[in-house]
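Visitor: Can you read through this structure? Questions will come right after.
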Amino acid sequence: MQASADSTKMDCLWSNWKCQAIDLLYWRDIKQTGIVFGSLLLLLFSLTQFSVVSVVAYLALAGLSATISFRIYKSVLQAVQKTDEGHPFKAYLEMEMNLSQDQIQKYTDCLQLYVNSTVKELRRLFLVQDLVDSLKFAVLMWLLTYVGALFNGLTLLIMAVVSMFTLPVVYDKYQAQIDQYLGLVRTHINTVVAKIQAKIPGAKRKAE
């Protein structure tokens, strides 16, 4: 009974997080999205100038400076006003943050499922179960060698974050036009793939 309740709670929590992520990416709360977007970019740009250890240390010092200053300020204020409000972070200190065994098991099962599916897909591609799919993967890896030569990992991560916070809004605004062009591109790619399958022996899929 308890496991069922925990599972339902996790599903509700995951659904809530998903809705919050969608609201962030679509800028439905401009102030909140701006804070998250700006913080992520500041963190990533900091990592381009300093080491990970330095950035983590500076962030920890900034957080500690804020909390310690606030704690001292509230203590002085309580002493002057002769009130007994208690610890200013009492509500957060008493907040339940432990993961139950069922929750840990659920996360572990999801991770195991993802890893297994990834390993199976890589095995299928590298052992050429489907020639066309393996060729597509080879072309993708070849393109990534050029991308890697032009950009480092942090630059790609910055571009990914910027895309996450801009592309959904652009797609939502120009969905009809974008779908039209994507349909044309998809049709052209399918035509090229069909021609390759017709010319390469053994390239046709078994379903065909």
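Just so we're on the same page: first chain in the structure tokens is A, next is B, and so on; residues restart at 1 for each chain, and ligands are numbered from 1 in the order they show up.
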Skipping near chain neighbours, those fewer than 3 positions away, what residues fall within 12 Å of A:Leu135 using only C-alpha atoms, listed as a list in words?
Guide: Arg124, Leu125, Phe126, Leu127, Val128, Gln129, Asp130, Leu131, Val132, Ala138, Val139, Leu140, Met141, Trp142, Val193, Ile196, Gln197, Ile200 and Ala203 of chain A
Visitor: What would the file look like if the residues just selected were written as a PDB file, in the first residue's frame with N, CA, C and O atoms?
Guide:
```pdb
ATOM      1  N   ARG A 124      23.537  -2.900 -32.401  1.00  0.00           N
ATOM      2  CA  ARG A 124      22.856  -3.044 -33.694  1.00  0.00           C
ATOM      3  C   ARG A 124      23.537  -2.208 -34.776  1.00  0.00           C
ATOM      4  O   ARG A 124      23.687  -2.646 -35.924  1.00  0.00           O
ATOM      5  N   LEU A 125      23.988  -0.993 -34.393  1.00  0.00           N
ATOM      6  CA  LEU A 125      24.612  -0.104 -35.368  1.00  0.00           C
ATOM      7  C   LEU A 125      26.026  -0.552 -35.722  1.00  0.00           C
ATOM      8  O   LEU A 125      26.397  -0.590 -36.893  1.00  0.00           O
ATOM      9  N   PHE A 126      26.834  -0.912 -34.714  1.00  0.00           N
ATOM     10  CA  PHE A 126      28.228  -1.266 -34.969  1.00  0.00           C
ATOM     11  C   PHE A 126      28.365  -2.632 -35.636  1.00  0.00           C
ATOM     12  O   PHE A 126      29.322  -2.862 -36.378  1.00  0.00           O
ATOM     13  N   LEU A 127      27.427  -3.532 -35.389  1.00  0.00           N
ATOM     14  CA  LEU A 127      27.482  -4.855 -36.016  1.00  0.00           C
ATOM     15  C   LEU A 127      26.652  -4.923 -37.286  1.00  0.00           C
ATOM     16  O   LEU A 127      26.398  -5.995 -37.831  1.00  0.00           O
ATOM     17  N   VAL A 128      26.202  -3.767 -37.771  1.00  0.00           N
ATOM     18  CA  VAL A 128      25.551  -3.605 -39.076  1.00  0.00           C
ATOM     19  C   VAL A 128      24.360  -4.561 -39.222  1.00  0.00           C
ATOM     20  O   VAL A 128      24.270  -5.319 -40.191  1.00  0.00           O
ATOM     21  N   GLN A 129      23.459  -4.509 -38.273  1.00  0.00           N
ATOM     22  CA  GLN A 129      22.223  -5.271 -38.432  1.00  0.00           C
ATOM     23  C   GLN A 129      21.394  -4.709 -39.576  1.00  0.00           C
ATOM     24  O   GLN A 129      20.775  -5.445 -40.331  1.00  0.00           O
ATOM     25  N   ASP A 130      21.408  -3.369 -39.694  1.00  0.00           N
ATOM     26  CA  ASP A 130      20.759  -2.698 -40.814  1.00  0.00           C
ATOM     27  C   ASP A 130      21.781  -1.791 -41.467  1.00  0.00           C
ATOM     28  O   ASP A 130      22.297  -0.862 -40.832  1.00  0.00           O
ATOM     29  N   LEU A 131      22.122  -2.063 -42.714  1.00  0.00           N
ATOM     30  CA  LEU A 131      23.197  -1.345 -43.392  1.00  0.00           C
ATOM     31  C   LEU A 131      22.915   0.148 -43.495  1.00  0.00           C
ATOM     32  O   LEU A 131      23.797   0.980 -43.268  1.00  0.00           O
ATOM     33  N   VAL A 132      21.674   0.513 -43.828  1.00  0.00           N
ATOM     34  CA  VAL A 132      21.332   1.927 -43.991  1.00  0.00           C
ATOM     35  C   VAL A 132      21.481   2.681 -42.674  1.00  0.00           C
ATOM     36  O   VAL A 132      22.059   3.770 -42.619  1.00  0.00           O
ATOM     37  N   ALA A 138      27.369   6.347 -39.319  1.00  0.00           N
ATOM     38  CA  ALA A 138      28.735   6.671 -39.732  1.00  0.00           C
ATOM     39  C   ALA A 138      28.822   8.105 -40.246  1.00  0.00           C
ATOM     40  O   ALA A 138      29.772   8.836 -39.924  1.00  0.00           O
ATOM     41  N   VAL A 139      27.832   8.525 -41.033  1.00  0.00           N
ATOM     42  CA  VAL A 139      27.805   9.905 -41.531  1.00  0.00           C
ATOM     43  C   VAL A 139      27.675  10.886 -40.371  1.00  0.00           C
ATOM     44  O   VAL A 139      28.334  11.931 -40.346  1.00  0.00           O
ATOM     45  N   LEU A 140      26.831  10.550 -39.392  1.00  0.00           N
ATOM     46  CA  LEU A 140      26.662  11.411 -38.225  1.00  0.00           C
ATOM     47  C   LEU A 140      27.969  11.553 -37.456  1.00  0.00           C
ATOM     48  O   LEU A 140      28.365  12.665 -37.060  1.00  0.00           O
ATOM     49  N   MET A 141      28.684  10.447 -37.242  1.00  0.00           N
ATOM     50  CA  MET A 141      29.957  10.498 -36.538  1.00  0.00           C
ATOM     51  C   MET A 141      30.992  11.299 -37.317  1.00  0.00           C
ATOM     52  O   MET A 141      31.803  12.030 -36.749  1.00  0.00           O
ATOM     53  N   TRP A 142      30.963  11.164 -38.653  1.00  0.00           N
ATOM     54  CA  TRP A 142      31.881  11.920 -39.502  1.00  0.00           C
ATOM     55  C   TRP A 142      31.612  13.421 -39.387  1.00  0.00           C
ATOM     56  O   TRP A 142      32.533  14.231 -39.296  1.00  0.00           O
ATOM     57  N   VAL A 193      17.533   8.186 -49.551  1.00  0.00           N
ATOM     58  CA  VAL A 193      17.744   6.896 -48.890  1.00  0.00           C
ATOM     59  C   VAL A 193      17.184   5.761 -49.728  1.00  0.00           C
ATOM     60  O   VAL A 193      17.796   4.687 -49.850  1.00  0.00           O
ATOM     61  N   ILE A 196      19.582   5.002 -52.471  1.00  0.00           N
ATOM     62  CA  ILE A 196      20.755   4.275 -51.970  1.00  0.00           C
ATOM     63  C   ILE A 196      20.409   2.814 -51.720  1.00  0.00           C
ATOM     64  O   ILE A 196      21.175   1.902 -52.057  1.00  0.00           O
ATOM     65  N   GLN A 197      19.243   2.577 -51.140  1.00  0.00           N
ATOM     66  CA  GLN A 197      18.810   1.207 -50.870  1.00  0.00           C
ATOM     67  C   GLN A 197      18.643   0.411 -52.160  1.00  0.00           C
ATOM     68  O   GLN A 197      18.906  -0.790 -52.198  1.00  0.00           O
ATOM     69  N   ILE A 200      22.465  -0.342 -53.446  1.00  0.00           N
ATOM     70  CA  ILE A 200      23.391  -1.136 -52.641  1.00  0.00           C
ATOM     71  C   ILE A 200      22.780  -2.501 -52.353  1.00  0.00           C
ATOM     72  O   ILE A 200      21.688  -2.583 -51.790  1.00  0.00           O
ATOM     73  N   ALA A 203      20.885  -3.629 -48.859  1.00  0.00           N
ATOM     74  CA  ALA A 203      20.589  -2.428 -48.079  1.00  0.00           C
ATOM     75  C   ALA A 203      19.117  -2.295 -47.770  1.00  0.00           C
ATOM     76  O   ALA A 203      18.734  -1.508 -46.928  1.00  0.00           O
TER      77      ALA A 203
END
```
Visitor: Enumerate, as a ChimeraX atom specification, the complete set of residues in chain A that a backbone-based DSSP assignment places in alpha helix (DSSP H).
Guide: /A:2-25,30-49,52-81,90-93,101-126,131-150,153-173,175-199
Visitor: So that I can check the surroundings of A:Asp172, please list as a VMD selection string every protein, DNA and RNA residue that reaches within 12 Å of it, counting only C-alpha atoms and ignoring chain neighbours fewer than 5 positions away.
Guide: chain A and resid 25 to 27 166 to 167 177 to 179
Visitor: If I take atom CA of A:Leu182 and atom CA of A:Asp23, how far is one from the other in Å, to one decimal?
Guide: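 Pair atom CA of A:Leu182 / atom CA of A:Asp23 returns 25.0 Å.
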Visitor: Atom CA of A:Phe89 and atom CA of A:Ile68, how far apart in Å?
Guide: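 So the two atoms, atom CA of A:Ile68 and atom CA of A:Phe89, lie 10.8 Å apart.
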Visitor: Pick out the closest residue to A:Arg71 from this set: A:Asp109, A:Ala149, A:Gly86, A:Leu143. Count only C-alpha atoms.
Guide: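 Of all the options, A:Gly86 lies closest to A:Arg71.
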Visitor: So, with only C-alpha atoms as the atoms that count, which of A:Ile189, A:Lys136, A:His87, A:Tyr92 lies closest to A:Tyr73?
Guide: A:His87
Visitor: Each residue of stretch 108-193 of chain A lying at most 8 Å from stretch 32-54 of chain A should get a row with its shortest atom-to-atom pair and the distance in Å to one decimal, counting only C-alpha atoms; could you produce that, ordered by chain and increasing number, as JSON lines?
Guide:
```
{"residue": "A:Leu154", "atom": "CA", "partner": "A:Thr48", "partner_atom": "CA", "distance": 6.9}
{"residue": "A:Leu157", "atom": "CA", "partner": "A:Leu44", "partner_atom": "CA", "distance": 7.9}
{"residue": "A:Ile158", "atom": "CA", "partner": "A:Leu44", "partner_atom": "CA", "distance": 6.5}
{"residue": "A:Val161", "atom": "CA", "partner": "A:Leu41", "partner_atom": "CA", "distance": 7.7}
{"residue": "A:Phe165", "atom": "CA", "partner": "A:Phe37", "partner_atom": "CA", "distance": 7.4}
```
